[in-house]
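Okay, input18.txt now, which holds compact mmCIF, C-alpha atoms and all ligand atoms:
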```txt
# COMPACT_ATOMS: atom_id res chain seq x y z
CA MET A 1 -0.33 9.44 29.80
CA SER A 2 -1.32 7.12 26.95
CA ILE A 3 -4.50 7.01 24.89
CA LEU A 4 -5.74 4.42 22.43
CA ILE A 5 -8.53 5.55 20.10
CA LYS A 6 -10.05 2.44 18.54
CA ASN A 7 -12.75 1.50 16.02
CA ILE A 8 -12.23 4.83 14.18
CA LYS A 9 -14.57 4.93 11.18
CA GLN A 10 -12.12 7.09 9.20
CA LEU A 11 -8.68 8.29 10.28
CA LEU A 12 -7.84 11.28 8.04
CA GLN A 13 -4.62 12.82 6.80
CA VAL A 14 -2.47 9.76 7.52
CA HIS A 15 1.07 10.17 6.18
CA GLU A 16 3.76 7.53 6.62
CA THR A 17 6.48 10.01 5.71
CA ASN A 18 6.56 13.49 7.17
CA VAL A 19 4.86 15.54 4.45
CA THR A 20 5.08 19.29 5.21
CA ILE A 21 3.08 20.85 2.33
CA VAL A 22 0.51 19.70 -0.23
CA LYS A 23 0.24 21.51 -3.59
CA GLY A 24 -2.02 21.69 -6.64
CA ASP A 25 -3.68 18.43 -7.71
CA ALA A 26 -2.21 16.61 -4.71
CA MET A 27 -4.57 18.68 -2.54
CA LYS A 28 -7.42 16.51 -3.89
CA GLN A 29 -5.88 13.53 -2.11
CA LEU A 30 -6.69 13.05 1.55
CA PRO A 31 -5.10 9.83 2.76
CA ILE A 32 -7.60 7.84 4.86
CA LEU A 33 -7.45 4.71 6.95
CA GLU A 34 -10.84 3.02 7.50
CA ASN A 35 -11.66 1.03 10.67
CA ALA A 36 -8.51 2.30 12.30
CA TYR A 37 -6.81 2.90 15.64
CA LEU A 38 -4.54 5.68 16.84
CA TYR A 39 -2.15 5.28 19.77
CA ILE A 40 -0.78 8.33 21.60
CA GLU A 41 1.85 8.49 24.35
CA ASN A 42 2.45 11.73 26.25
CA ASP A 43 2.27 14.46 23.59
CA THR A 44 3.21 12.31 20.62
CA ILE A 45 1.54 10.17 17.94
CA ILE A 46 3.22 6.78 18.37
CA GLU A 47 1.33 4.37 16.15
CA TYR A 48 -1.73 3.93 13.96
CA GLY A 49 -3.11 1.21 11.76
CA THR A 50 -6.22 -0.81 10.94
CA MET A 51 -8.13 -2.53 13.74
CA ASP A 52 -6.99 -6.02 12.70
CA ASN A 53 -3.47 -4.96 13.74
CA CYS A 54 -4.47 -3.25 16.99
CA GLU A 55 -2.55 -5.45 19.43
CA GLY A 56 -0.08 -5.16 22.26
CA PHE A 57 -1.04 -1.73 23.63
CA GLU A 58 -1.60 -1.11 27.34
CA PRO A 59 -3.07 2.40 27.32
CA GLU A 60 -4.26 4.27 30.41
CA THR A 61 -7.28 5.53 28.46
CA ILE A 62 -9.26 3.80 25.72
CA ILE A 63 -11.68 5.78 23.56
CA ASP A 64 -14.16 3.92 21.39
CA ALA A 65 -14.64 6.00 18.23
CA THR A 66 -17.19 3.73 16.53
CA GLY A 67 -18.93 5.70 13.75
CA LYS A 68 -16.62 8.70 14.25
CA VAL A 69 -13.91 10.41 12.23
CA VAL A 70 -10.49 11.32 13.66
CA LEU A 71 -8.27 13.96 12.09
CA PRO A 72 -5.43 16.35 12.97
CA SER A 73 -6.58 19.53 14.77
CA TRP A 74 -7.17 22.64 12.72
CA CYS A 75 -4.07 24.78 12.15
CA ASP A 76 -5.25 28.42 12.04
CA SER A 77 -2.35 30.39 10.54
CA HIS A 78 -3.84 33.91 10.59
CA THR A 79 -5.62 35.52 13.56
CA HIS A 80 -5.82 38.74 15.52
CA LEU A 81 -7.15 36.96 18.62
CA VAL A 82 -5.59 39.38 21.12
CA TYR A 83 -7.73 42.52 21.27
CA SER A 84 -9.80 44.40 23.79
CA GLY A 85 -13.44 45.48 23.65
CA ASN A 86 -15.37 44.81 20.46
CA ARG A 87 -16.59 46.58 17.31
CA VAL A 88 -20.24 45.57 17.40
CA GLY A 89 -21.22 49.24 16.85
CA GLU A 90 -19.33 49.23 13.54
CA PHE A 91 -21.05 45.95 12.62
CA VAL A 92 -24.41 47.72 12.94
CA ASP A 93 -23.04 50.79 11.07
CA ARG A 94 -22.16 48.50 8.16
CA ILE A 95 -25.63 46.94 8.18
CA ASN A 96 -26.94 50.50 7.94
CA GLY A 97 -24.84 51.19 4.85
CA LEU A 98 -21.34 52.33 5.83
CA SER A 99 -18.43 50.41 4.30
CA TYR A 100 -15.37 49.04 6.15
CA GLU A 101 -13.35 51.82 4.47
CA ASP A 102 -15.89 54.54 5.44
CA ILE A 103 -15.61 53.44 9.06
CA ALA A 104 -11.81 53.46 8.98
CA LYS A 105 -11.79 56.96 7.45
CA LYS A 106 -13.90 58.19 10.40
CA GLY A 107 -11.21 56.97 12.82
CA GLY A 108 -13.01 53.70 13.55
CA GLY A 109 -11.73 50.28 12.55
CA ILE A 110 -8.24 49.30 13.61
CA LEU A 111 -7.65 52.69 15.31
CA ASN A 112 -10.80 52.14 17.38
CA SER A 113 -9.45 48.78 18.62
CA ALA A 114 -6.02 50.35 19.27
CA LYS A 115 -7.51 53.05 21.51
CA THR A 116 -9.28 50.42 23.62
CA LEU A 117 -6.28 48.13 23.84
CA GLN A 118 -3.89 50.91 24.83
CA ASN A 119 -6.17 51.72 27.77
CA THR A 120 -6.61 48.13 28.98
CA SER A 121 -4.23 46.45 31.41
CA GLU A 122 -2.07 43.59 30.28
CA ASP A 123 -3.73 41.16 32.71
CA ILE A 124 -7.23 41.98 31.48
CA ILE A 125 -6.21 41.65 27.84
CA TYR A 126 -4.66 38.30 28.72
CA GLU A 127 -7.81 37.04 30.48
CA GLN A 128 -10.08 38.15 27.61
CA SER A 129 -7.77 36.57 25.03
CA LEU A 130 -7.38 33.32 26.97
CA ASN A 131 -11.18 32.95 27.12
CA ARG A 132 -11.37 33.38 23.37
CA LEU A 133 -8.49 30.97 22.83
CA ASN A 134 -10.21 28.33 24.97
CA ASP A 135 -13.39 28.73 22.88
CA LEU A 136 -11.34 28.08 19.75
CA ILE A 137 -9.65 25.01 21.24
CA ALA A 138 -13.10 23.57 21.98
CA MET A 139 -13.99 24.20 18.31
CA GLY A 140 -10.96 22.21 17.16
CA THR A 141 -8.06 24.63 16.75
CA GLY A 142 -4.82 22.94 17.80
CA ALA A 143 -2.28 25.48 16.55
CA ILE A 144 -2.77 29.20 16.03
CA GLU A 145 -0.91 32.28 14.82
CA ILE A 146 -1.72 35.50 16.69
CA LYS A 147 -0.76 38.97 15.45
CA THR A 148 -0.20 42.25 17.23
CA GLY A 149 -1.46 45.38 15.44
CA TYR A 150 -3.93 46.87 17.92
CA GLY A 151 -1.13 48.53 19.93
CA LEU A 152 0.32 50.96 17.38
CA THR A 153 2.80 52.40 19.91
CA VAL A 154 6.09 50.77 20.83
CA GLU A 155 4.86 50.09 24.36
CA ALA A 156 1.41 48.77 23.37
CA GLU A 157 2.80 46.56 20.58
CA LEU A 158 5.30 45.06 23.04
CA LYS A 159 2.44 44.64 25.51
CA MET A 160 0.55 42.64 22.87
CA LEU A 161 3.61 40.51 22.14
CA ARG A 162 3.98 39.78 25.87
CA VAL A 163 0.32 38.71 26.06
CA ILE A 164 0.71 36.48 22.99
CA ASN A 165 3.87 34.94 24.43
CA ARG A 166 2.11 34.35 27.76
CA LEU A 167 -0.65 32.52 25.86
CA LYS A 168 2.11 30.56 24.14
CA ARG A 169 3.59 29.53 27.50
CA GLU A 170 0.41 28.94 29.45
CA SER A 171 -2.01 27.51 26.90
CA LEU A 172 -1.78 23.88 25.82
CA ILE A 173 -1.95 24.63 22.10
CA LYS A 174 0.85 25.81 19.82
CA VAL A 175 0.87 29.61 19.54
CA THR A 176 2.92 31.48 16.91
CA PRO A 177 3.32 35.26 17.50
CA THR A 178 3.62 37.78 14.65
CA LEU A 179 4.52 41.49 14.91
CA LEU A 180 2.02 43.59 12.91
CA ALA A 181 2.85 47.11 14.08
CA ALA A 182 2.29 48.33 10.49
CA HIS A 183 -1.44 47.56 10.69
CA ALA A 184 -2.65 51.18 10.44
CA VAL A 185 -1.20 54.65 10.76
CA PRO A 186 -1.92 56.04 14.24
CA GLU A 187 -3.88 59.33 14.37
CA GLU A 188 -0.90 61.29 15.73
CA TYR A 189 1.26 60.20 12.74
CA LYS A 190 -1.37 60.90 10.04
CA THR A 191 0.66 63.79 8.64
CA ASN A 192 4.01 62.16 9.33
CA LYS A 193 3.77 58.50 8.38
CA ALA A 194 7.54 58.34 7.86
CA ALA A 195 8.04 58.95 11.59
CA TYR A 196 5.79 56.00 12.46
CA LEU A 197 7.69 53.80 10.01
CA LYS A 198 10.97 54.90 11.60
CA LEU A 199 9.60 54.00 15.02
CA ILE A 200 8.82 50.50 13.74
CA THR A 201 12.08 49.94 11.86
CA ASP A 202 14.51 51.63 14.26
CA GLU A 203 12.97 50.95 17.64
CA LEU A 204 10.23 48.33 17.74
CA ILE A 205 11.73 45.69 15.44
CA PRO A 206 15.15 45.75 17.17
CA LYS A 207 13.49 45.60 20.61
CA ALA A 208 11.15 42.74 19.70
CA ALA A 209 13.99 40.84 18.04
CA LYS A 210 16.25 41.30 21.07
CA LEU A 211 13.51 40.00 23.37
CA LYS A 212 13.02 37.02 21.02
CA ILE A 213 9.24 37.37 21.23
CA THR A 214 8.43 37.13 17.53
CA LYS A 215 9.84 35.27 14.54
CA TYR A 216 7.40 36.81 12.05
CA ILE A 217 6.71 40.30 10.70
CA ASP A 218 3.46 41.41 9.07
CA VAL A 219 2.35 44.57 7.21
CA PHE A 220 -1.12 45.61 6.01
CA CYS A 221 -0.06 46.40 2.42
CA GLU A 222 -3.09 48.32 1.22
CA LYS A 223 -4.25 51.74 -0.04
CA GLY A 224 -4.70 54.05 2.94
CA TYR A 225 -2.44 51.85 5.09
CA PHE A 226 1.07 50.95 3.84
CA ASN A 227 2.13 51.14 0.19
CA ILE A 228 4.71 48.94 -1.51
CA GLU A 229 7.71 51.14 -0.67
CA GLU A 230 6.66 51.41 2.97
CA THR A 231 6.01 47.68 3.17
CA GLU A 232 9.42 46.98 1.71
CA ARG A 233 11.09 49.33 4.20
CA ILE A 234 9.64 47.27 7.03
CA LEU A 235 10.49 43.91 5.48
CA LYS A 236 14.05 45.12 4.89
CA ALA A 237 14.47 46.26 8.50
CA ALA A 238 12.98 42.98 9.75
CA GLU A 239 15.28 40.92 7.51
CA VAL A 240 18.30 42.23 9.42
CA TYR A 241 16.91 40.41 12.48
CA SER A 242 15.84 37.34 10.48
CA LEU A 243 12.15 38.04 11.00
CA VAL A 244 10.17 36.27 8.29
CA PRO A 245 7.27 38.05 6.51
CA LYS A 246 3.65 36.86 6.67
CA ILE A 247 1.85 39.78 5.06
CA HIS A 248 -1.66 41.14 4.40
CA VAL A 249 -1.95 41.72 0.63
CA ASN A 250 -4.59 42.19 -2.09
CA GLN A 251 -7.57 42.63 0.27
CA PHE A 252 -9.11 45.63 -1.51
CA ASN A 253 -6.44 46.59 -4.07
CA ILE A 254 -3.55 44.92 -5.87
CA LEU A 255 -0.39 46.90 -5.08
CA GLY A 256 2.24 44.27 -5.95
CA GLY A 257 2.53 42.90 -2.42
CA VAL A 258 2.52 39.27 -3.55
CA ALA A 259 5.72 39.61 -5.60
CA LEU A 260 7.29 41.72 -2.86
CA GLY A 261 6.47 39.07 -0.25
CA VAL A 262 7.92 36.34 -2.45
CA ASN A 263 11.10 38.41 -2.97
CA TYR A 264 11.52 38.61 0.80
CA ASN A 265 10.87 34.89 1.21
CA ALA A 266 7.56 35.36 2.95
CA LYS A 267 6.23 32.31 4.75
CA SER A 268 2.77 33.35 3.59
CA VAL A 269 0.82 36.04 1.72
CA ASP A 270 -2.67 36.36 3.10
CA HIS A 271 -6.13 37.63 2.01
CA LEU A 272 -5.79 37.62 -1.81
CA GLU A 273 -9.44 38.53 -2.36
CA LEU A 274 -8.04 40.00 -5.57
CA LEU A 275 -5.41 38.17 -7.57
CA ASN A 276 -3.92 38.62 -11.03
CA LYS A 277 -1.74 36.55 -13.37
CA GLU A 278 1.45 38.26 -12.17
CA ASP A 279 0.63 37.25 -8.60
CA ILE A 280 0.21 33.61 -9.61
CA LYS A 281 3.43 33.79 -11.60
CA ALA A 282 5.29 35.24 -8.62
CA LEU A 283 4.03 32.47 -6.34
CA LYS A 284 5.07 29.68 -8.71
CA GLY A 285 8.39 28.20 -7.73
CA SER A 286 8.39 30.11 -4.44
CA GLU A 287 8.27 28.78 -0.88
CA THR A 288 5.45 31.20 0.00
CA MET A 289 2.04 29.85 1.01
CA PRO A 290 -1.02 31.73 -0.32
CA VAL A 291 -3.63 31.98 2.45
CA ALA A 292 -7.36 32.60 1.90
CA LEU A 293 -9.55 34.02 4.67
CA PRO A 294 -13.15 33.18 3.71
CA ASN A 295 -14.65 34.38 7.03
CA CYS A 296 -13.47 37.92 6.23
CA SER A 297 -15.12 37.85 2.78
CA TYR A 298 -18.28 36.44 4.36
CA PHE A 299 -18.48 39.02 7.12
CA LEU A 300 -17.53 42.09 5.02
CA GLY A 301 -19.33 41.00 1.85
CA ILE A 302 -16.19 41.40 -0.26
CA PRO A 303 -15.00 38.99 -3.01
CA TYR A 304 -13.79 35.53 -2.07
CA THR A 305 -10.20 34.56 -2.91
CA PRO A 306 -10.11 32.91 -6.38
CA ALA A 307 -8.89 29.70 -4.80
CA ARG A 308 -9.54 27.53 -7.87
CA ASP A 309 -7.11 29.65 -9.91
CA ILE A 310 -4.50 29.16 -7.19
CA ILE A 311 -4.84 25.39 -6.79
CA ASP A 312 -5.44 24.72 -10.50
CA SER A 313 -2.14 26.51 -11.21
CA GLY A 314 -0.38 23.84 -9.18
CA LEU A 315 0.06 26.05 -6.12
CA PRO A 316 -0.66 25.14 -2.50
CA LEU A 317 -3.36 26.93 -0.50
CA ALA A 318 -4.00 27.36 3.21
CA ILE A 319 -7.21 28.67 4.78
CA ALA A 320 -7.40 30.51 8.09
CA SER A 321 -10.01 32.30 10.19
CA ASP A 322 -8.55 35.85 10.37
CA PHE A 323 -10.36 36.00 13.74
CA ASN A 324 -10.52 39.72 14.68
CA PRO A 325 -13.10 42.20 16.00
CA GLY A 326 -13.49 44.17 12.75
CA SER A 327 -13.56 41.97 9.68
CA ALA A 328 -14.01 38.40 10.96
CA PRO A 329 -15.30 37.96 14.53
CA SER A 330 -15.35 34.16 14.30
CA GLY A 331 -12.49 31.73 14.80
CA ASN A 332 -14.56 28.65 14.03
CA MET A 333 -12.31 26.69 11.67
CA SER A 334 -14.97 24.08 10.88
CA PHE A 335 -17.02 26.96 9.46
CA VAL A 336 -13.94 28.16 7.52
CA VAL A 337 -13.63 24.68 6.01
CA SER A 338 -17.33 24.73 5.01
CA THR A 339 -17.08 28.23 3.56
CA ALA A 340 -14.00 27.23 1.58
CA CYS A 341 -16.05 24.43 -0.02
CA ILE A 342 -19.20 26.50 -0.56
CA LYS A 343 -17.69 29.82 -1.66
CA LEU A 344 -14.13 29.04 -2.79
CA ARG A 345 -15.24 25.78 -4.49
CA LEU A 346 -12.66 23.64 -2.75
CA THR A 347 -13.47 19.96 -2.50
CA PRO A 348 -13.76 18.66 1.08
CA GLU A 349 -10.36 17.00 0.64
CA GLU A 350 -8.74 20.25 -0.54
CA ALA A 351 -10.34 22.24 2.27
CA ILE A 352 -9.15 19.79 4.94
CA ASN A 353 -5.62 19.85 3.49
CA ALA A 354 -5.76 23.67 3.47
CA ALA A 355 -6.85 23.80 7.13
CA THR A 356 -4.40 21.22 8.48
CA ILE A 357 -1.04 20.54 6.84
CA ASN A 358 -0.92 23.73 4.74
CA GLY A 359 -2.08 25.86 7.67
CA ALA A 360 0.76 24.36 9.70
CA TYR A 361 3.18 25.17 6.86
CA ALA A 362 2.03 28.82 6.91
CA MET A 363 3.18 28.96 10.56
CA GLY A 364 6.45 27.13 9.88
CA ILE A 365 5.43 24.18 12.07
CA SER A 366 4.32 21.52 9.57
CA ASN A 367 7.22 19.25 10.55
CA MET A 368 5.39 18.68 13.89
CA TYR A 369 1.71 19.52 13.19
CA GLY A 370 -0.98 19.07 10.58
CA SER A 371 -0.97 15.34 9.82
CA ILE A 372 -1.31 11.94 11.46
CA THR A 373 2.31 10.89 11.28
CA ARG A 374 4.40 8.95 13.80
CA GLY A 375 6.41 11.36 15.94
CA LYS A 376 4.19 14.36 15.33
CA LYS A 377 2.35 16.18 18.12
CA ALA A 378 -0.81 14.45 19.31
CA ASN A 379 -3.26 17.27 18.51
CA VAL A 380 -6.32 15.49 17.15
CA LEU A 381 -10.07 15.85 16.82
CA ILE A 382 -12.69 13.17 17.29
CA THR A 383 -15.96 14.03 15.56
CA LYS A 384 -19.50 13.17 16.49
CA PRO A 385 -20.83 10.13 14.58
CA LEU A 386 -20.79 11.03 10.85
CA ASN A 387 -21.65 9.28 7.58
CA ASP A 388 -18.18 10.21 6.41
CA TYR A 389 -15.69 13.08 6.65
CA ARG A 390 -17.48 15.10 3.93
CA ASP A 391 -20.22 15.77 6.49
CA ILE A 392 -17.75 18.18 8.18
CA PRO A 393 -18.16 20.90 5.51
CA TYR A 394 -21.64 19.74 4.39
CA TYR A 395 -23.42 20.49 7.69
CA PHE A 396 -22.16 24.06 7.61
CA ALA A 397 -22.19 26.03 10.86
CA HIS A 398 -22.85 22.81 12.83
CA ASN A 399 -20.21 21.70 15.28
CA PRO A 400 -18.85 18.36 14.04
CA ILE A 401 -16.43 17.94 16.96
CA GLU A 402 -17.11 15.81 20.02
CA GLN A 403 -13.69 15.50 21.69
CA VAL A 404 -10.47 17.40 21.37
CA ILE A 405 -7.01 16.05 22.26
CA VAL A 406 -4.28 18.64 22.72
CA ASN A 407 -0.66 17.63 23.30
CA GLY A 408 -1.88 14.14 24.09
CA GLN A 409 -4.35 15.37 26.74
CA LEU A 410 -8.12 15.20 26.65
CA TRP A 411 -9.41 18.76 26.56
CA PRO A 412 -11.12 20.06 28.60
O1 LIG B 1 -7.05 40.83 8.31
N1 LIG B 1 -7.00 43.79 6.95
C1 LIG B 1 -6.40 44.09 7.95
N2 LIG B 1 -6.48 43.52 9.15
C2 LIG B 1 -7.55 42.69 9.60
C3 LIG B 1 -8.72 43.47 10.07
C4 LIG B 1 -8.42 44.24 11.26
C5 LIG B 1 -9.57 44.98 11.84
O2 LIG B 1 -10.51 45.41 11.14
O3 LIG B 1 -9.52 45.15 13.05
C6 LIG B 1 -7.91 41.67 8.56
O4 LIG B 1 -8.98 41.66 7.98
FE FE B 2 -5.80 39.70 9.20
```

Go ahead and render the structure in this file as structure tokens.
Ligand code: NIG
Ligand code: FE
Amino acid sequence: MSILIKNIKQLLQVHETNVTIVKGDAMKQLPILENAYLYIENDTIIEYGTMDNCEGFEPETIIDATGKVVLPSWCDSHTHLVYSGNRVGEFVDRINGLSYEDIAKKGGGILNSAKTLQNTSEDIIYEQSLNRLNDLIAMGTGAIEIKTGYGLTVEAELKMLRVINRLKRESLIKVTPTLLAAHAVPEEYKTNKAAYLKLITDELIPKAAKLKITKYIDVFCEKGYFNIEETERILKAAEVYSLVPKIHVNQFNILGGVALGVNYNAKSVDHLELLNKEDIKALKGSETMPVALPNCSYFLGIPYTPARDIIDSGLPLAIASDFNPGSAPSGNMSFVVSTACIKLRLTPEEAINAATINGAYAMGISNMYGSITRGKKANVLITKPLNDYRDIPYYFAHNPIEQVIVNGQLWP
């Protein structure tokens, strides 16, 4: 299979050398080729250039992209896409005045989703999740991280990991699984949290590691969920099996999770609706990607991540959807890019860097995804006709995408 996309108005995120992360001021640069072509063979980007050099190709498919923009697919590094049922009742409760925390205290929230998922068969969870994943592919997601965390028993967490790994095998896009058993304390362990932690550290982590069904470990480090000591206990147990942390920190309270994550070489620290100077200091010089989740702030009406402070300190930033039934029931990454510009005050160039190359970095896959580079995976988006790429965030909540290419295949 070979595809030539020609007459591209703007080809975005073109890197001659294989860049794997973009930080600080460099995030303002988005390398662009005008009046360009892109040549793909099988699942790989083979060549690109300006139209005056577009010679010698004999592709099976030619796409004329006159007036359109082509860019790498969105890399969504933080989702909870596998779940069962929904939490629309809680959505209405919040409109009527309850907070996310009030709902959780009543046994709703994550525990509500866990109850439903535990009682749903693996095949049904898979079908529901695959439908959602296909919706996201159509909206431009080409690589995605998916967490567990609605199982909260050894069996149900493993069931979630099996579903995520089946999506990884059977879907065309790149799926990265993460074990998030420490997402909430199950009802039956309310008075004995230590026993639940022991279950995670002594039974679940060794089992998941042995089955080789996750490379990443996550913890919801937050008041009422898991404190710093408990988070560290899990990271320590996971380290024995070389599981790398990608953790939920600073959503409602600052507990010191950023520095802890950095100490354990976290691939990413995510949420960061609150952030202080110590957090920024801890991130400087580290390999850890800060990840903002603007859809969650939008949907819950909580503060937005102070992204300017992060980037203006010279740090990198990724943005992700946080797609989940409770705090962000949308996986539309084009909307995330818009919201990052409108609410986090990222420039369009910074937002596109955050949603492509830096998102890929936060999943540990930026050597193969996130830029238009020879040899990288051919996961690309062709937009509708646009004035220029800045229309992508400007026309917020519109769908800028006309055609998706996944692994070198036209999709659908
Ligand atoms: O990233 N904050 C913790 N976890 C999810 C929400 C999960 C839920 O409400 O179901 C989040 O926002
Ligand atoms: Fe999350």

**Request:** Find the spatial neighbours of range 265-267 of chain A, counting all atoms listed in the file, within a cut-off of 9 Å - ignore same-chain residues fewer than 5 positions away - and output them as a ChimeraX atom specification.
**Result:** /A:216,244-247,260,286-290,361-364

Let me have the centre and edge lengths in Å, one decimal, of the box along x, y and z around every listed atom of range 195-209 of chain A with 5 Å of margin on each side, as lines of an AutoDock Vina configuration file.
```
center_x = 10.5
center_y = 49.9
center_z = 15.3
size_x = 19.4
size_y = 28.1
size_z = 20.6
```

**Prompt:** In terms of the shortest atom-to-atom distance over all atoms listed in the file, which of A:Val175, A:Ala360, A:Leu152, A:Leu346 is closest to Ala114 in chain A?
**Reply:** A:Leu152

**Request:** Within 8 Å of ligand FE 2 (chain B), which residues show up when you count all atoms listed in the file? List them as a list in words, please.
**Result:**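 Written in the requested form, the residues are His78, Thr79, His80, His248, Asp270, His271, Asp322, Phe323 and Asn324 of chain A.
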
**For Ala65 in chain A, the nearest of the candidates A:Tyr100, A:Pro393, A:Pro400, A:Asn7, counting all atoms listed in the file** = A:Asn7

Using the incomplete input, complete range 384-391 of chain A to the level of all heavy atoms; output as an mmCIF file, keeping the file's coordinate frame.
```cif
data_model
loop_
_atom_site.group_PDB
_atom_site.id
_atom_site.type_symbol
_atom_site.label_atom_id
_atom_site.label_comp_id
_atom_site.auth_asym_id
_atom_site.auth_seq_id
_atom_site.Cartn_x
_atom_site.Cartn_y
_atom_site.Cartn_z
ATOM 1 N N LYS A 384 -18.271 13.877 16.149
ATOM 2 C CA LYS A 384 -19.500 13.170 16.490
ATOM 3 C C LYS A 384 -19.691 12.062 15.440
ATOM 4 O O LYS A 384 -19.010 12.091 14.396
ATOM 5 C CB LYS A 384 -20.676 14.152 16.444
ATOM 6 C CG LYS A 384 -20.550 15.253 17.494
ATOM 7 C CD LYS A 384 -21.534 16.376 17.263
ATOM 8 C CE LYS A 384 -21.311 17.475 18.291
ATOM 9 N NZ LYS A 384 -22.014 18.723 17.986
ATOM 10 N N PRO A 385 -20.610 11.124 15.637
ATOM 11 C CA PRO A 385 -20.830 10.130 14.580
ATOM 12 C C PRO A 385 -21.219 10.813 13.256
ATOM 13 O O PRO A 385 -22.063 11.705 13.246
ATOM 14 C CB PRO A 385 -21.998 9.294 15.130
ATOM 15 C CG PRO A 385 -21.912 9.457 16.608
ATOM 16 C CD PRO A 385 -21.431 10.859 16.834
ATOM 17 N N LEU A 386 -20.540 10.422 12.170
ATOM 18 C CA LEU A 386 -20.790 11.030 10.850
ATOM 19 C C LEU A 386 -20.930 9.926 9.804
ATOM 20 O O LEU A 386 -20.407 8.827 9.988
ATOM 21 C CB LEU A 386 -19.600 11.915 10.434
ATOM 22 C CG LEU A 386 -19.208 13.095 11.314
ATOM 23 C CD1 LEU A 386 -17.963 13.772 10.746
ATOM 24 C CD2 LEU A 386 -20.341 14.109 11.431
ATOM 25 N N ASN A 387 -21.610 10.233 8.695
ATOM 26 C CA ASN A 387 -21.650 9.280 7.580
ATOM 27 C C ASN A 387 -20.257 9.114 7.004
ATOM 28 O O ASN A 387 -19.781 8.019 6.792
ATOM 29 C CB ASN A 387 -22.600 9.764 6.493
ATOM 30 C CG ASN A 387 -24.043 9.637 6.936
ATOM 31 O OD1 ASN A 387 -24.433 8.609 7.490
ATOM 32 N ND2 ASN A 387 -24.821 10.678 6.730
ATOM 33 N N ASP A 388 -19.604 10.217 6.735
ATOM 34 C CA ASP A 388 -18.180 10.210 6.410
ATOM 35 C C ASP A 388 -17.648 11.628 6.573
ATOM 36 O O ASP A 388 -18.409 12.547 6.906
ATOM 37 C CB ASP A 388 -17.889 9.590 5.024
ATOM 38 C CG ASP A 388 -18.315 10.462 3.849
ATOM 39 O OD1 ASP A 388 -17.914 11.645 3.802
ATOM 40 O OD2 ASP A 388 -19.035 9.953 2.970
ATOM 41 N N TYR A 389 -16.347 11.799 6.330
ATOM 42 C CA TYR A 389 -15.690 13.080 6.650
ATOM 43 C C TYR A 389 -16.274 14.263 5.872
ATOM 44 O O TYR A 389 -16.153 15.411 6.284
ATOM 45 C CB TYR A 389 -14.179 12.980 6.413
ATOM 46 C CG TYR A 389 -13.821 12.770 4.966
ATOM 47 C CD1 TYR A 389 -13.583 13.862 4.130
ATOM 48 C CD2 TYR A 389 -13.742 11.499 4.407
ATOM 49 C CE1 TYR A 389 -13.282 13.684 2.792
ATOM 50 C CE2 TYR A 389 -13.437 11.312 3.073
ATOM 51 C CZ TYR A 389 -13.207 12.406 2.273
ATOM 52 O OH TYR A 389 -12.924 12.232 0.943
ATOM 53 N N ARG A 390 -16.931 13.980 4.727
ATOM 54 C CA ARG A 390 -17.480 15.100 3.930
ATOM 55 C C ARG A 390 -18.634 15.784 4.639
ATOM 56 O O ARG A 390 -19.026 16.894 4.276
ATOM 57 C CB ARG A 390 -17.893 14.593 2.542
ATOM 58 C CG ARG A 390 -16.703 14.122 1.722
ATOM 59 C CD ARG A 390 -17.136 13.440 0.455
ATOM 60 N NE ARG A 390 -18.022 12.316 0.743
ATOM 61 C CZ ARG A 390 -18.602 11.561 -0.190
ATOM 62 N NH1 ARG A 390 -18.389 11.807 -1.458
ATOM 63 N NH2 ARG A 390 -19.388 10.561 0.158
ATOM 64 N N ASP A 391 -19.194 15.114 5.670
ATOM 65 C CA ASP A 391 -20.220 15.770 6.490
ATOM 66 C C ASP A 391 -19.663 17.003 7.212
ATOM 67 O O ASP A 391 -20.423 17.883 7.606
ATOM 68 C CB ASP A 391 -20.756 14.803 7.566
ATOM 69 C CG ASP A 391 -21.761 13.807 7.003
ATOM 70 O OD1 ASP A 391 -21.994 13.815 5.783
ATOM 71 O OD2 ASP A 391 -22.309 13.028 7.812
#
```
